[in-house]
Amino acid sequence: MNAPAQITMPRLSDSMEEGTLLRWIKRDGDAVTVGEELAEIESDKATVIYEAQAAGVLSTAIEEGATVAVGTVIGWLGNALLARQLHSVPGRAAGRRKASPVARRIAATHGIDLELIDGTGPDGRVVRADVELRLSAPEPAPVLGVRGEVTVHPLTRLQTLVAERMSRSRDEVPDFELRVRVDAEPLSSVREQLKAGHAVDVPSVNDFVVKAAARALREQPSANATYRGDAWERYARVNVGVAVAVEGGLIVPTVFDADGKSLGEISRETRELAARAREGRITPQDLDGATFTVSNLGMFGIDGFSAVISPGQAAILAVGAAAVVPVVRDGAVVPGRQFELALSCDHRVIYGADAARLLSRIRDLLEHPMTLLVA
Amino acid sequence: MAEVATQTPRYIEAINAALSSEMAADDRVVLLGVDVAAGGGVYGVTRGLYDEFGPRRVIDTPIAEAGVLGAAVGAAMAGLRPVAEIMYMDFLTVCLDPIVNQAAKLRYMTGGGVSVPIVFRTQTGAGRSAGAQHSQSLEGILAHVPGLHVYCPSDARDAHDLLIEAIRLDTPVCFIENRRLYGKRSDEWDRTPLPAGQARVVRSGEDVTVVTWGRMVLETLQALDQVGDEVSAELIDLRTLVPLDVETLIASVQRTGRCLIVHEAVTRYGPGAELLARIAEAALFDLDGPIRRFGALPTPIPYSPELEAAAMPGVAGIAQAVREVAKG
Amino acid sequence: MAQRSWSAAGAAAADDEVLVARFEVMARIRAFEVRVGRCFRDGHIHGFVHTSIGQEAVAAGACAALGPEDLITTTHRGHGHCLAKGADPEAMMAELFGRETGTCHGRGGSMHLAQADLGILGANGIVGAGIPIAVGAGLATMAAGEGAIAVAFFGEGAVHCGAFHEGLVLAVAWQAPVVFVCENNGYAEFTASAGRWGGPDPVQRAASYGLEAWPVDGSDVVAAEHAMRSAADQARAGGGPAFLEMRTHRLGGHYEGDAQPYRDEEELERWRAEHDPLAQLLALLDGRGCGERARSAVEAADAEMDAAVEKALAAPFPDPGGVLEFIGG
């Protein structure tokens with residue numbers, strides 16, 4: 001094992017172009033075996049624990065916090081001698097800020113980025129006094145103004161991406177929205193039956209929505225697509241993304257082939273995905289590949305809303321809370337239960353009539369839930 | 001030797017006193033060397049000892065250093081405690097075998113079967129146009145040989161105490177004097193005697209650690225006076241190269257973050273390189289800048305005074321080196 | 001000073017007991033050295049080893065005139081002197097084998113054998129180095145005043161080096177009680193000595209320094225003893241140093257493994273046939289009716305040295321963790 005194995009910034013999702021090395025789990029000089037946790041990497045979708053693909057002694061090439069393009073060498077796994085040599089090669093540090101060993105050590109101990117410190121040593125070298133000055137400098141006092149104290153919270157990578165995506169969607173996508181109200185009683189009734197029958201997994205309303213949407217998309221493949229500029233790209237699989245709120249963000253794990261899965265399977269899967277998402281154990285694969293998204297704010301008592309279409313998809317379905325409302329039945333006004341569905345569509349892919357057809361079909365399926373129990 | 005009431009002993013007198021007291025205490029201690037007896041030594045170091053102890057204890061020898069040192073080794077193995085003189089440190093080359101191959105190794109080679117309680121006294125002291133073959137500082141060569149101790153006292157107090165320790169030790173000791181210190185009194189004769197292997201912090205400081213030994217301690221003190229408040233320098237006198245008090249040195253560098261090593265020996269492959277390596281090994285991540293050495297240039301020491309001064313470390317050069325290391 | 005020399009007349013004049021005793025020492029040296037050669041070839045002895053086969057009479061004879069208080073220095077070819085001075089062959093063999101139980105705990109090897117309590121200040125790997133050391137040892141014994149002397153054994157190759165010159169100068173200057181024994185075995189490393197470098201022979205050289213110097217037939221153990229006793233007595237009495245050139249024959253190579261391409265095959269054969277001191281003494285003892293005792297001595301020596309080899313083979317190696325032990329200070 002003479003030639004060292006390169007570790008490059010992995011492509012963790014098909015849309016990932018660059019990643020941030022949040023934290024080295026193994027340190028320079030550590031022996032690493034295949035499959036051992038190597039580093040924590042933040043991609044465009046999530047933070048992931050990256051495992052070693054080869055064995056050897058680790059030599060790191062980038063520092064924690066560095067953001068580099070996918071494919072960039074971030075380290076090597078080689079033999080111990082190589083590791084020592086790499087460390088003594090000044091060329092490897094080319095581009096690194098010149099700093100004295102003690103300055104470097106103090107900065108590292110306090111988590112200060114040397115790049116942010118002015119060096120007063122020869123050739124601009126950062127020396128101890130420079131780091132100590134930085135350490136002793138007080139934090140800039142918060143500006144107190146009309147809006148009270150302003151505290152600054154730098155965005156995580158994920159938050160930055162969400163912001164970028166949403167902006168891009170609003171900028172680029174000519175979206176329009178259709179709304180229907182769905183009679184919740186048939187769904188309610190089926191669910192009661194399942195509960196009375198002590199079914200192990202009683203699908204939630206949202207699970208039924210996912211299944212209904214998937215079925216409808218299977219029947220209307222032109223909506224299971226995206227706009228590419230000069231063409232539509234239609235997807236063979238119907239993968240429904242289910243939006244989940246997590247601490248500090250929003251992620252959308254995917255239920256693959258939702259059209260072919262039973263409600264029970266969808267129910268189990270969405271539950272598991274949501275749990276993983278909340279525990280930070282979601283993988284890039286889980287988050288990738290949706291062709292359509294369902295977003296539900298009903299649990300917060302929201303009547304209805306319009307959601308933002310994810311890039312790469314043609315539409316998104318927003319689900320509101322079920323409420324008791326007056327309905328007309330057999331000519332009389334009676335209490336009924338309804339919830340609102342709002343379908344936002346990319347007009348470049350789905351035109352009005354098609355959108356209407358899609359949404360109506362989803363409503364019909366939901367108002368006749370037994371059809372969803374049939375494969 | 002009677003204590004002088006008002007003034008403390010000069011370096012040469014301190015050595016003489018140490019020899020005298022040890023010879024009086026132990027009649028196995030004998031001196032050998034060229035002109036050490038009636039002549040009192042070419043610089044007067046052994047003056048009066050022949051009169052006090054006689055020809056069997058203070059032994060004149062012909063100019064036959066290899067033979068004399070070899071005989072001293074044999075005498076040491078057979079029960080005496082010889083102090084053999086090599087008149088100029090440059091002559092080490094003539095008599096390295098009895099030092100390096102015999103004295104340094106006999107105890108080890110015999111598995112502890114014999115011991116060689118011998119002191120090799122010698123002196124150097126460039127800067128007086130003595131020429132290339134009478135001016136060298138070769139303590140680095142001796143320090144390199146396992147089995148030898150190397151003492152380099154910088155003042156009268158240390159010369160006295162270290163010589164006594166050397167004579168009492170059963171290990172061969174190379175005791176290296178400097179003739180340009182012979183006439184000097186200690187700044188601090190009354191300080192507590194220190195053992196070999198213990199460095200002395202001559203002056204405390206915060207910005208730079210300067211470490212040296214022998215006559216360069218005095219030279220460096222003068223240089224630091226010139227630098228004044230510009231740099232707060234800590235001056236360490238190593239006193240003995242073997243055994244070496246590396247801990248005091250490293251503790252100091254860990255505080256100051258900067259180090260200058262000064263010595264009279266040639267810088268290239270000199271004893272300073274060993275110190276630099278030891279500091280780098282133990283305290284790399286405490287360094288604020290590169291460690292520097294300031295010794296003699298890699299040339300035979302010239303005869304003509306200005307040339308000689310250019311080749312040697314001197315007050316002005318040391319001062320400049322201190323300033324540069326403080327910023328570098 | 002009178003040029004004295006001893007010849008076979010010396011042995012002829014000695015009594016049987018003395019001759020048998022000397023033969024025993026020589027047989028032990030021979031048995032030891034033969035096994036050393038064998039063990040070196042077998043890989044148990046490392047580095048360099050120099051045997052003294054053919055020179056046994058010098059060691060046995062000279063050391064017979066010395067007491068345990070007398071100090072000797074010897075050379076790389078010093079096994080015989082050490083054995084004759086009383087060193088334990090088991091400890092010596094173990095030292096050659098590099099074992100912990102060796103005289104020097106495995107630190108010295110063949111060229112640095114020493115045993116201070118027997119007055120063996122050591123073999124030395126530097127040619128001539130033992131000469132000034134012995135002079136210094138004589139200085140110490142003089143100071144002690146108990147009549148002990150120092151003896152330096154060295155080969156004729158050492159008479160050219162500075163240490164020889166300086167050692168003799170100092171010995172004479174101090175009138176030290178030292179006997180210099182120059183073992184002239186005909187070869188200095190790979191060079192035949194006779195007349196090789198010009199200049200006077202060893203006795204003449206030594207005499208020129210101002211000390212008594214005599215040639216001795218080194219193949220005659222009693223001659224060697226008488227010469228040493230005479231010189232030693234003189235030194236003990238304060239008569240100063242003396243020089244003995246003991247002429248003998250090196251029947252082996254310079255070191256084990258030396259194929260001796262520089263030697264005339266025929267000369268070597270002739271020397272082995274005509275100048276083996278054991279064979280000569282055995283013939284003499286046969287003539288005196290002591291042949292059987294001599295042969296038993298040989299058997300006993302063989303058994304003793306076989307046992308030394310066995311012991312050495314089984315002895316432990318020094319612990320590498322103790323590599324820094326004995327440096328001192």
# chains A, B, ... in the order shown; residues from 1 in each chain; ligands from 1

$ interface_residues --of "chain A" --to "chain B" --cutoff "9 Å" --atoms "only C-alpha atoms" --output "PDB file with N, CA and C atoms, in the first residue's frame"
ATOM      1  N   ALA A  99       1.827  31.516   9.969  1.00  0.00           N
ATOM      2  CA  ALA A  99       1.642  31.807  11.387  1.00  0.00           C
ATOM      3  C   ALA A  99       2.659  31.014  12.177  1.00  0.00           C
ATOM      4  N   SER A 100       3.082  31.564  13.310  1.00  0.00           N
ATOM      5  CA  SER A 100       4.062  30.842  14.106  1.00  0.00           C
ATOM      6  C   SER A 100       3.376  29.672  14.805  1.00  0.00           C
ATOM      7  N   PRO A 101       4.138  28.645  15.161  1.00  0.00           N
ATOM      8  CA  PRO A 101       3.528  27.473  15.781  1.00  0.00           C
ATOM      9  C   PRO A 101       2.695  27.838  17.013  1.00  0.00           C
ATOM     10  N   VAL A 102       3.163  28.741  17.830  1.00  0.00           N
ATOM     11  CA  VAL A 102       2.405  29.041  19.046  1.00  0.00           C
ATOM     12  C   VAL A 102       1.139  29.830  18.709  1.00  0.00           C
ATOM     13  N   ALA A 103       1.238  30.691  17.694  1.00  0.00           N
ATOM     14  CA  ALA A 103       0.038  31.435  17.283  1.00  0.00           C
ATOM     15  C   ALA A 103      -1.014  30.475  16.762  1.00  0.00           C
ATOM     16  N   ARG A 104      -0.546  29.537  15.975  1.00  0.00           N
ATOM     17  CA  ARG A 104      -1.456  28.555  15.398  1.00  0.00           C
ATOM     18  C   ARG A 104      -2.142  27.743  16.488  1.00  0.00           C
ATOM     19  N   ARG A 105      -1.331  27.387  17.471  1.00  0.00           N
ATOM     20  CA  ARG A 105      -1.872  26.534  18.540  1.00  0.00           C
ATOM     21  C   ARG A 105      -2.916  27.304  19.339  1.00  0.00           C
ATOM     22  N   GLY A 121       4.013  39.859  12.196  1.00  0.00           N
ATOM     23  CA  GLY A 121       5.356  39.297  12.132  1.00  0.00           C
ATOM     24  C   GLY A 121       5.967  39.487  10.753  1.00  0.00           C
ATOM     25  N   PRO A 122       7.209  39.011  10.554  1.00  0.00           N
ATOM     26  CA  PRO A 122       7.863  39.152   9.249  1.00  0.00           C
ATOM     27  C   PRO A 122       7.028  38.500   8.156  1.00  0.00           C
ATOM     28  N   VAL A 126       1.454  35.681  11.292  1.00  0.00           N
ATOM     29  CA  VAL A 126       0.652  35.891  12.495  1.00  0.00           C
ATOM     30  C   VAL A 126       1.453  35.365  13.680  1.00  0.00           C
ATOM     31  N   VAL A 127       1.707  36.205  14.645  1.00  0.00           N
ATOM     32  CA  VAL A 127       2.457  35.792  15.815  1.00  0.00           C
ATOM     33  C   VAL A 127       1.542  35.793  17.034  1.00  0.00           C
ATOM     34  N   ARG A 128       2.089  35.306  18.117  1.00  0.00           N
ATOM     35  CA  ARG A 128       1.266  35.113  19.311  1.00  0.00           C
ATOM     36  C   ARG A 128       0.546  36.381  19.732  1.00  0.00           C
TER      37      ARG A 128
END

$ select_by_dssp --residues "range 57-203 of chain C" --states "alpha helix (DSSP H)" --output "PyMOL selection string"
chain C and resi 57-64+79-84+89-96+130-144+162-174+202-203

$ closest_residue --among "C:Ala307, C:Ala312, C:Ile133, C:Met246" --to "chain B" --atoms "only C-alpha atoms"
C:Ile133

$ residues_around --residues "Gly183 in chain B" --least-positions-apart "4" --cutoff "9 Å" --atoms "only C-alpha atoms" --output "list in words"
Arg10, Tyr11, Ile12, Glu13 and Arg179 of chain B

$ closest_residue --among "B:Gly205, B:Gly41, B:Pro62, B:Gly197" --to "Thr122 in chain B" --atoms "only C-alpha atoms"
B:Gly41

$ atom_distance --atom1 "CA of Val173 in chain B" --atom2 "CA of Gly44 in chain B"
21.4 Å

$ atom_distance --atom1 "CA of Gly70 in chain B" --atom2 "CA of Ala148 in chain C"
19.4 Å

$ select_by_dssp --residues "range 76-122 of chain B" --states "strand (DSSP E)" --output "ChimeraX atom specification"
/B:81-86,119-122

$ write_last_selection --atoms "N, CA and C atoms" --output "PDB file, in the first residue's frame"
ATOM      1  N   ARG B  81      43.676   9.524  41.279  1.00  0.00           N
ATOM      2  CA  ARG B  81      42.629  10.400  40.730  1.00  0.00           C
ATOM      3  C   ARG B  81      43.335  11.552  40.023  1.00  0.00           C
ATOM      4  N   PRO B  82      43.760  11.287  38.784  1.00  0.00           N
ATOM      5  CA  PRO B  82      44.583  12.281  38.087  1.00  0.00           C
ATOM      6  C   PRO B  82      43.777  13.444  37.520  1.00  0.00           C
ATOM      7  N   VAL B  83      44.429  14.617  37.529  1.00  0.00           N
ATOM      8  CA  VAL B  83      43.905  15.773  36.796  1.00  0.00           C
ATOM      9  C   VAL B  83      44.963  16.093  35.750  1.00  0.00           C
ATOM     10  N   ALA B  84      44.672  15.719  34.500  1.00  0.00           N
ATOM     11  CA  ALA B  84      45.675  15.863  33.439  1.00  0.00           C
ATOM     12  C   ALA B  84      45.353  17.086  32.601  1.00  0.00           C
ATOM     13  N   GLU B  85      46.384  17.869  32.306  1.00  0.00           N
ATOM     14  CA  GLU B  85      46.141  19.113  31.572  1.00  0.00           C
ATOM     15  C   GLU B  85      46.509  18.963  30.106  1.00  0.00           C
ATOM     16  N   ILE B  86      45.631  19.512  29.246  1.00  0.00           N
ATOM     17  CA  ILE B  86      45.986  19.685  27.839  1.00  0.00           C
ATOM     18  C   ILE B  86      46.131  21.191  27.680  1.00  0.00           C
ATOM     19  N   VAL B 119      40.143  13.734  35.394  1.00  0.00           N
ATOM     20  CA  VAL B 119      39.702  15.035  34.893  1.00  0.00           C
ATOM     21  C   VAL B 119      40.701  15.480  33.850  1.00  0.00           C
ATOM     22  N   PHE B 120      40.204  15.823  32.658  1.00  0.00           N
ATOM     23  CA  PHE B 120      41.048  16.411  31.628  1.00  0.00           C
ATOM     24  C   PHE B 120      40.804  17.921  31.681  1.00  0.00           C
ATOM     25  N   ARG B 121      41.791  18.690  32.117  1.00  0.00           N
ATOM     26  CA  ARG B 121      41.637  20.151  32.150  1.00  0.00           C
ATOM     27  C   ARG B 121      42.195  20.719  30.870  1.00  0.00           C
ATOM     28  N   THR B 122      41.490  21.687  30.299  1.00  0.00           N
ATOM     29  CA  THR B 122      42.058  22.379  29.151  1.00  0.00           C
ATOM     30  C   THR B 122      41.483  23.786  29.097  1.00  0.00           C
TER      31      THR B 122
END

$ closest_residue --among "A:Glu265, A:Asp346, A:Asp303, A:Asp288" --to "Trp232 in chain A" --atoms "only C-alpha atoms"
A:Asp346

$ interface_residues --of "chain B" --to "chain C" --cutoff "7 Å" --atoms "only C-alpha atoms" --output "PDB file with C-alpha atoms, in the first residue's frame"
ATOM      1  CA  ALA B  64      53.670  13.856  24.722  1.00  0.00           C
ATOM      2  CA  ALA B  66      48.795  11.055  23.966  1.00  0.00           C
ATOM      3  CA  GLY B  67      51.247   9.258  26.183  1.00  0.00           C
ATOM      4  CA  GLY B  70      47.130   7.459  28.342  1.00  0.00           C
ATOM      5  CA  ALA B  71      49.275   7.173  31.441  1.00  0.00           C
ATOM      6  CA  ALA B  72      46.782   9.254  33.379  1.00  0.00           C
ATOM      7  CA  VAL B  73      44.054   6.841  32.302  1.00  0.00           C
ATOM      8  CA  GLY B  74      46.133   3.908  33.488  1.00  0.00           C
ATOM      9  CA  ALA B  75      46.862   5.652  36.760  1.00  0.00           C
ATOM     10  CA  ALA B  78      44.981   1.665  39.142  1.00  0.00           C
ATOM     11  CA  GLY B  79      43.802   3.838  42.020  1.00  0.00           C
ATOM     12  CA  LEU B  80      44.906   7.438  41.551  1.00  0.00           C
ATOM     13  CA  ARG B 107      34.047   1.508  32.224  1.00  0.00           C
ATOM     14  CA  TYR B 108      31.410   0.541  29.687  1.00  0.00           C
ATOM     15  CA  MET B 109      33.580  -1.937  27.775  1.00  0.00           C
ATOM     16  CA  THR B 110      34.466  -3.720  30.970  1.00  0.00           C
ATOM     17  CA  GLY B 111      30.859  -3.863  32.065  1.00  0.00           C
ATOM     18  CA  GLY B 112      31.616  -1.688  35.069  1.00  0.00           C
ATOM     19  CA  GLY B 113      34.763  -3.666  35.846  1.00  0.00           C
ATOM     20  CA  VAL B 114      37.060  -0.660  35.937  1.00  0.00           C
ATOM     21  CA  GLY B 147      30.981   8.448  28.579  1.00  0.00           C
ATOM     22  CA  THR B 171      33.384   9.567  35.566  1.00  0.00           C
TER      23      THR B 171
END

$ closest_residue --among "C:Val20, C:Met92, C:Ala259, C:Val127" --to "Glu33 in chain C" --atoms "only C-alpha atoms"
C:Met92

$ atom_distance --atom1 "CA of Pro98 in chain B" --atom2 "CA of Glu65 in chain B"
9.3 Å
